[in-house]
There are 2 protein chains.
Amino acid sequence: MAQGRKSKREHLVETAQQLFYREGIKGTGIDTVLEHAGVAKRTLYNHFKSKDELVIATLQHRDQEFMAMLKAGVKKYESKQTGEPIFARVLAYFDAIAEWTTSRQFSGCMFINASAEYPRQDHPVHVICAMHKRLVIQYIEELMAGIPLADPHELAVQFAVLTDGAIVNAHTTSNKNAAQVAKQIALSLLTMHAAGAPADHKQ
Amino acid sequence: MAQGRKSKREHLVETAQQLFYREGIKGTGIDTVLEHAGVAKRTLYNHFKSKDELVIATLQHRDQEFMAMLKAGVKKYESKQTGEPIFARVLAYFDAIAEWTTSRQFSGCMFINASAEYPRQDHPVHVICAMHKRLVIQYIEELMAGIPLADPHELAVQFAVLTDGAIVNAHTTSNKNAAQVAKQIALSLLTMHAAGAPADHKQ
DNA sequence: CAATGAGTACACCGATCAGTATACATTAAA
DNA sequence: TTTAATGTATACTGATCGGTGTACTCATTG
């Protein structure tokens with residue numbers, strides 16, 4: 001098994017990911033990917049039997065990468081939160097989203113973009129996108145583990161809606177504040193629904 | 001000026017809009033549009049000098065149609081709201097969004113989808129999408145005209161973020177509840193920020 | 001009737017698309 | 001050293017892309 005520091009397959013996936021993200025999936029031809037990767041066409045088709053397969057591998061790779069980015073962001077911002085300590089992790093999550101949506105290369109959520117390019121709900125790409133979103137909700141629930149809530153899942157869904165809204169709004173209208181808007185709303189919801197959180201007693 | 005009940009141009013725009021919405025813009029070829037419209041290729045290129053121009057005309061048409069749909073929805077649901085009457089119009093707006101996102105042909109927001117297909121922020125399509133979103137925010141502000149608020153615009157932006165989130169979430173994860181989730185959050189924010197609304201005095 | 005403008009039918013263009021075929025080079029393990 | 005796997009280079013396929021050229025029909029209008 002000949003392989004450099006990175007396998008050709010991995011290199012192709014990473015190159016394709018960049019291009020798909022910047023130019024869209026249907027806006028990026030196979031030849032463009034090969035050109036940027038410096039890899040022969042035959043090699044690509046030895047690893048993937050079609051462009052669709054490359055697209056799916058790309059989205060799976062992005063899923064891993066994105067979740068890792070989120071977790072790193074939460075770790076980074078968790079300690080910088082003021083106010084109620086049990087809220088720190090969820091609020092840090094929104095800071096992570098904010099950092100991402102205001103970064104220079106930000107171009108929306110790859111999964112939202114992909115499912116916009118493949119609108120049919122039964123298309124594999126669309127299915128993968130739905131799975132990713134479900135994973136994010138699950139992660140948000142984990143972040144709220146320490147908070148006494150009547151229905152943690154429902155609040156996680158609300159936060160997911162807020163997140164998607166912030167991402168899309170930031171992308172379409174170039175609004176650098178969108179994620180902070182979402183964070184503020186999230187904080188309101190937290191204080192509203194957290195029953196008997198210390199230092200938050202009603203009057 | 002020969003013209004049937006509808007001008008060829010209008011017919012082309014409406015046909016293209018349907019197809020672009022269902023199959024994506026880059027996923028729909030000119031020939032497909034012509035086939036469905038039953039119009040000669042030359043006719044199309046007499047009205048539009050490129051596909052991009054047709055796309056833009058389509059988005060402008062959709063903007064009109066969408067705003068009309070929103071206004072009709074608000075009128076329809078306004079009287080059916082319970083609780084604080086000055087909130088009725090904004091809450092009806094979310095019901096209109098809910099009706100749309102749960103309708104059979106719903107396939108996301110055409111503008112969000114379009115700007116996902118054309119990720120570059122300076123592309124004309126992206127610019128039109130941003131304009132549309134700004135129009136919606138303006139409309140939301142109008143709906144809140146009767147509510148005493150410290151910063152109506154900020155709340156309108158929050159509602160826009162909620163709306164985008166609901167739309168995207170409904171589309172990507174087939175969540176029929178997304179818009180109702182957004183409405184609930186909106187109601188919370190309204191009661192929280194509406195200063196001195198009757199029957200809403202503190203304590 | 002003549003002229004004009006709008007639409008049609010259809011052939012055609014070069015470019016690009018995803019994907020294949022073939023022949024050769026490199027590498028590493030047996 | 002032989003063998004097999006992996007990758008490269010390049011040419012090619014058939015389909016489709018957006019867009020053009022041309023000759024025609026048809027209805028209106030002066």
# chains A, B, ... in the order shown; residues from 1 in each chain; ligands from 1

call {"tool": "closest_atom_pairs", "arguments": {"of": "chain B", "to": "chain A", "cutoff": "6 Å", "atoms": "only C-alpha atoms", "output": "JSON lines"}}
result
{"residue": "B:Gly24", "atom": "CA", "partner": "A:Glu117", "partner_atom": "CA", "distance": 5.8}
{"residue": "B:Asn113", "atom": "CA", "partner": "A:Ala116", "partner_atom": "CA", "distance": 4.7}
{"residue": "B:Ala116", "atom": "CA", "partner": "A:Asn113", "partner_atom": "CA", "distance": 4.7}
{"residue": "B:Glu117", "atom": "CA", "partner": "A:Gly24", "partner_atom": "CA", "distance": 5.8}
{"residue": "B:Ala130", "atom": "CA", "partner": "A:Thr173", "partner_atom": "CA", "distance": 4.7}
{"residue": "B:Val161", "atom": "CA", "partner": "A:Gly165", "partner_atom": "CA", "distance": 4.6}
{"residue": "B:Leu162", "atom": "CA", "partner": "A:Gly165", "partner_atom": "CA", "distance": 5.7}
{"residue": "B:Asp164", "atom": "CA", "partner": "A:Gly165", "partner_atom": "CA", "distance": 4.7}
{"residue": "B:Gly165", "atom": "CA", "partner": "A:Gly165", "partner_atom": "CA", "distance": 3.5}
{"residue": "B:Ala166", "atom": "CA", "partner": "A:Val161", "partner_atom": "CA", "distance": 5.8}
{"residue": "B:Thr172", "atom": "CA", "partner": "A:Ala130", "partner_atom": "CA", "distance": 5.5}
{"residue": "B:Thr173", "atom": "CA", "partner": "A:Ala130", "partner_atom": "CA", "distance": 4.7}

call {"tool": "write_last_selection", "arguments": {"atoms": "N, CA, C and O atoms", "output": "PDB file, in the first residue's frame"}}
result
ATOM      1  N   GLY B  24     -33.633  22.635  -8.144  1.00  0.00           N
ATOM      2  CA  GLY B  24     -32.441  23.477  -8.033  1.00  0.00           C
ATOM      3  C   GLY B  24     -32.174  24.221  -9.331  1.00  0.00           C
ATOM      4  O   GLY B  24     -32.653  23.802 -10.393  1.00  0.00           O
ATOM      5  N   ASN B 113     -32.008  28.725  -0.801  1.00  0.00           N
ATOM      6  CA  ASN B 113     -31.492  27.700  -1.709  1.00  0.00           C
ATOM      7  C   ASN B 113     -30.627  28.311  -2.805  1.00  0.00           C
ATOM      8  O   ASN B 113     -29.561  27.801  -3.134  1.00  0.00           O
ATOM      9  N   ALA B 116     -27.346  29.399  -1.664  1.00  0.00           N
ATOM     10  CA  ALA B 116     -26.489  28.244  -1.389  1.00  0.00           C
ATOM     11  C   ALA B 116     -25.887  27.728  -2.691  1.00  0.00           C
ATOM     12  O   ALA B 116     -24.761  27.234  -2.710  1.00  0.00           O
ATOM     13  N   GLU B 117     -26.642  27.869  -3.771  1.00  0.00           N
ATOM     14  CA  GLU B 117     -26.124  27.419  -5.070  1.00  0.00           C
ATOM     15  C   GLU B 117     -25.115  28.401  -5.651  1.00  0.00           C
ATOM     16  O   GLU B 117     -24.284  28.035  -6.476  1.00  0.00           O
ATOM     17  N   ALA B 130     -30.210  38.677  -0.445  1.00  0.00           N
ATOM     18  CA  ALA B 130     -30.007  39.564   0.708  1.00  0.00           C
ATOM     19  C   ALA B 130     -31.077  40.654   0.733  1.00  0.00           C
ATOM     20  O   ALA B 130     -31.634  40.983   1.785  1.00  0.00           O
ATOM     21  N   VAL B 161     -34.223  35.785  12.098  1.00  0.00           N
ATOM     22  CA  VAL B 161     -33.337  34.652  12.376  1.00  0.00           C
ATOM     23  C   VAL B 161     -34.172  33.415  12.730  1.00  0.00           C
ATOM     24  O   VAL B 161     -33.920  32.316  12.233  1.00  0.00           O
ATOM     25  N   LEU B 162     -35.177  33.628  13.558  1.00  0.00           N
ATOM     26  CA  LEU B 162     -36.072  32.519  13.920  1.00  0.00           C
ATOM     27  C   LEU B 162     -36.746  31.939  12.677  1.00  0.00           C
ATOM     28  O   LEU B 162     -36.873  30.719  12.527  1.00  0.00           O
ATOM     29  N   ASP B 164     -35.771  32.070   9.455  1.00  0.00           N
ATOM     30  CA  ASP B 164     -34.813  31.332   8.629  1.00  0.00           C
ATOM     31  C   ASP B 164     -34.503  29.978   9.249  1.00  0.00           C
ATOM     32  O   ASP B 164     -34.431  28.961   8.548  1.00  0.00           O
ATOM     33  N   GLY B 165     -34.333  29.981  10.554  1.00  0.00           N
ATOM     34  CA  GLY B 165     -34.051  28.728  11.240  1.00  0.00           C
ATOM     35  C   GLY B 165     -35.176  27.723  11.066  1.00  0.00           C
ATOM     36  O   GLY B 165     -34.945  26.549  10.793  1.00  0.00           O
ATOM     37  N   ALA B 166     -36.395  28.207  11.213  1.00  0.00           N
ATOM     38  CA  ALA B 166     -37.551  27.318  11.070  1.00  0.00           C
ATOM     39  C   ALA B 166     -37.634  26.755   9.656  1.00  0.00           C
ATOM     40  O   ALA B 166     -37.857  25.557   9.457  1.00  0.00           O
ATOM     41  N   THR B 172     -34.461  20.664   5.891  1.00  0.00           N
ATOM     42  CA  THR B 172     -33.385  19.677   5.972  1.00  0.00           C
ATOM     43  C   THR B 172     -33.804  18.454   6.777  1.00  0.00           C
ATOM     44  O   THR B 172     -33.462  17.337   6.406  1.00  0.00           O
ATOM     45  N   THR B 173     -34.529  18.662   7.870  1.00  0.00           N
ATOM     46  CA  THR B 173     -34.843  17.515   8.723  1.00  0.00           C
ATOM     47  C   THR B 173     -36.306  17.091   8.636  1.00  0.00           C
ATOM     48  O   THR B 173     -36.751  16.269   9.431  1.00  0.00           O
TER      49      THR B 173
END

call {"tool": "interface_residues", "arguments": {"of": "chain B", "to": "chain D", "cutoff": "10 Å", "atoms": "only C-alpha atoms (C1' of nucleotides)", "output": "ChimeraX atom specification"}}
result
/B:1-2,29-31,41-42,45,49-51

call {"tool": "interface_residues", "arguments": {"of": "chain C", "to": "chain A", "cutoff": "8 Å", "atoms": "only C-alpha atoms (C1' of nucleotides)", "output": "PDB file with N, CA, C and O atoms (P, O5', C5', C4', C3', O3' and C1' of nucleotides), in the first residue's frame"}}
result
ATOM      1  P    DC C  17     -16.854  21.443 -16.163  1.00  0.00           P
ATOM      2  O5'  DC C  17     -17.791  20.161 -16.089  1.00  0.00           O
ATOM      3  C5'  DC C  17     -19.212  20.324 -16.127  1.00  0.00           C
ATOM      4  C4'  DC C  17     -19.881  19.000 -16.416  1.00  0.00           C
ATOM      5  C3'  DC C  17     -19.172  17.808 -15.793  1.00  0.00           C
ATOM      6  O3'  DC C  17     -19.643  17.641 -14.474  1.00  0.00           O
ATOM      7  C1'  DC C  17     -19.829  17.337 -18.047  1.00  0.00           C
ATOM      8  P    DA C  18     -18.688  16.872 -13.437  1.00  0.00           P
ATOM      9  O5'  DA C  18     -19.054  15.349 -13.720  1.00  0.00           O
ATOM     10  C5'  DA C  18     -20.423  14.958 -13.711  1.00  0.00           C
ATOM     11  C4'  DA C  18     -20.551  13.568 -14.274  1.00  0.00           C
ATOM     12  C3'  DA C  18     -19.755  12.505 -13.525  1.00  0.00           C
ATOM     13  O3'  DA C  18     -20.533  11.311 -13.473  1.00  0.00           O
ATOM     14  C1'  DA C  18     -19.048  12.559 -15.769  1.00  0.00           C
ATOM     15  P    DG C  19     -19.960  10.042 -12.602  1.00  0.00           P
ATOM     16  O5'  DG C  19     -19.117   9.236 -13.688  1.00  0.00           O
ATOM     17  C5'  DG C  19     -19.802   8.607 -14.759  1.00  0.00           C
ATOM     18  C4'  DG C  19     -18.808   8.086 -15.764  1.00  0.00           C
ATOM     19  C3'  DG C  19     -17.781   7.073 -15.225  1.00  0.00           C
ATOM     20  O3'  DG C  19     -18.011   5.825 -15.849  1.00  0.00           O
ATOM     21  C1'  DG C  19     -16.823   8.603 -16.748  1.00  0.00           C
ATOM     22  P    DT C  27       9.155   5.995  -6.576  1.00  0.00           P
ATOM     23  O5'  DT C  27       8.579   4.848  -5.633  1.00  0.00           O
ATOM     24  C5'  DT C  27       7.183   4.825  -5.314  1.00  0.00           C
ATOM     25  C4'  DT C  27       6.787   3.450  -4.819  1.00  0.00           C
ATOM     26  C3'  DT C  27       7.797   2.822  -3.857  1.00  0.00           C
ATOM     27  O3'  DT C  27       7.169   2.627  -2.618  1.00  0.00           O
ATOM     28  C1'  DT C  27       6.972   1.249  -5.433  1.00  0.00           C
ATOM     29  P    DA C  28       8.115   2.517  -1.273  1.00  0.00           P
ATOM     30  O5'  DA C  28       7.431   1.242  -0.618  1.00  0.00           O
ATOM     31  C5'  DA C  28       6.095   0.892  -0.975  1.00  0.00           C
ATOM     32  C4'  DA C  28       5.924  -0.616  -0.972  1.00  0.00           C
ATOM     33  C3'  DA C  28       6.904  -1.346  -0.042  1.00  0.00           C
ATOM     34  O3'  DA C  28       6.207  -2.357   0.646  1.00  0.00           O
ATOM     35  C1'  DA C  28       7.019  -2.272  -2.165  1.00  0.00           C
TER      36       DA C  28
END

call {"tool": "select_by_dssp", "arguments": {"residues": "region 25-200 of chain A", "states": "helix (DSSP H, G or I)", "output": "VMD selection string"}}
result
chain A and resid 30 to 37 41 to 47 51 to 78 85 to 101 110 to 117 124 to 143 152 to 173 178 to 193

call {"tool": "atom_distance", "arguments": {"atom1": "CA of Thr28 (chain B)", "atom2": "CA of Thr15 (chain B)"}}
result
11.2 Å

call {"tool": "atom_distance", "arguments": {"atom1": "CA of Phe66 (chain A)", "atom2": "CA of Ala40 (chain A)"}}
result
28.5 Å
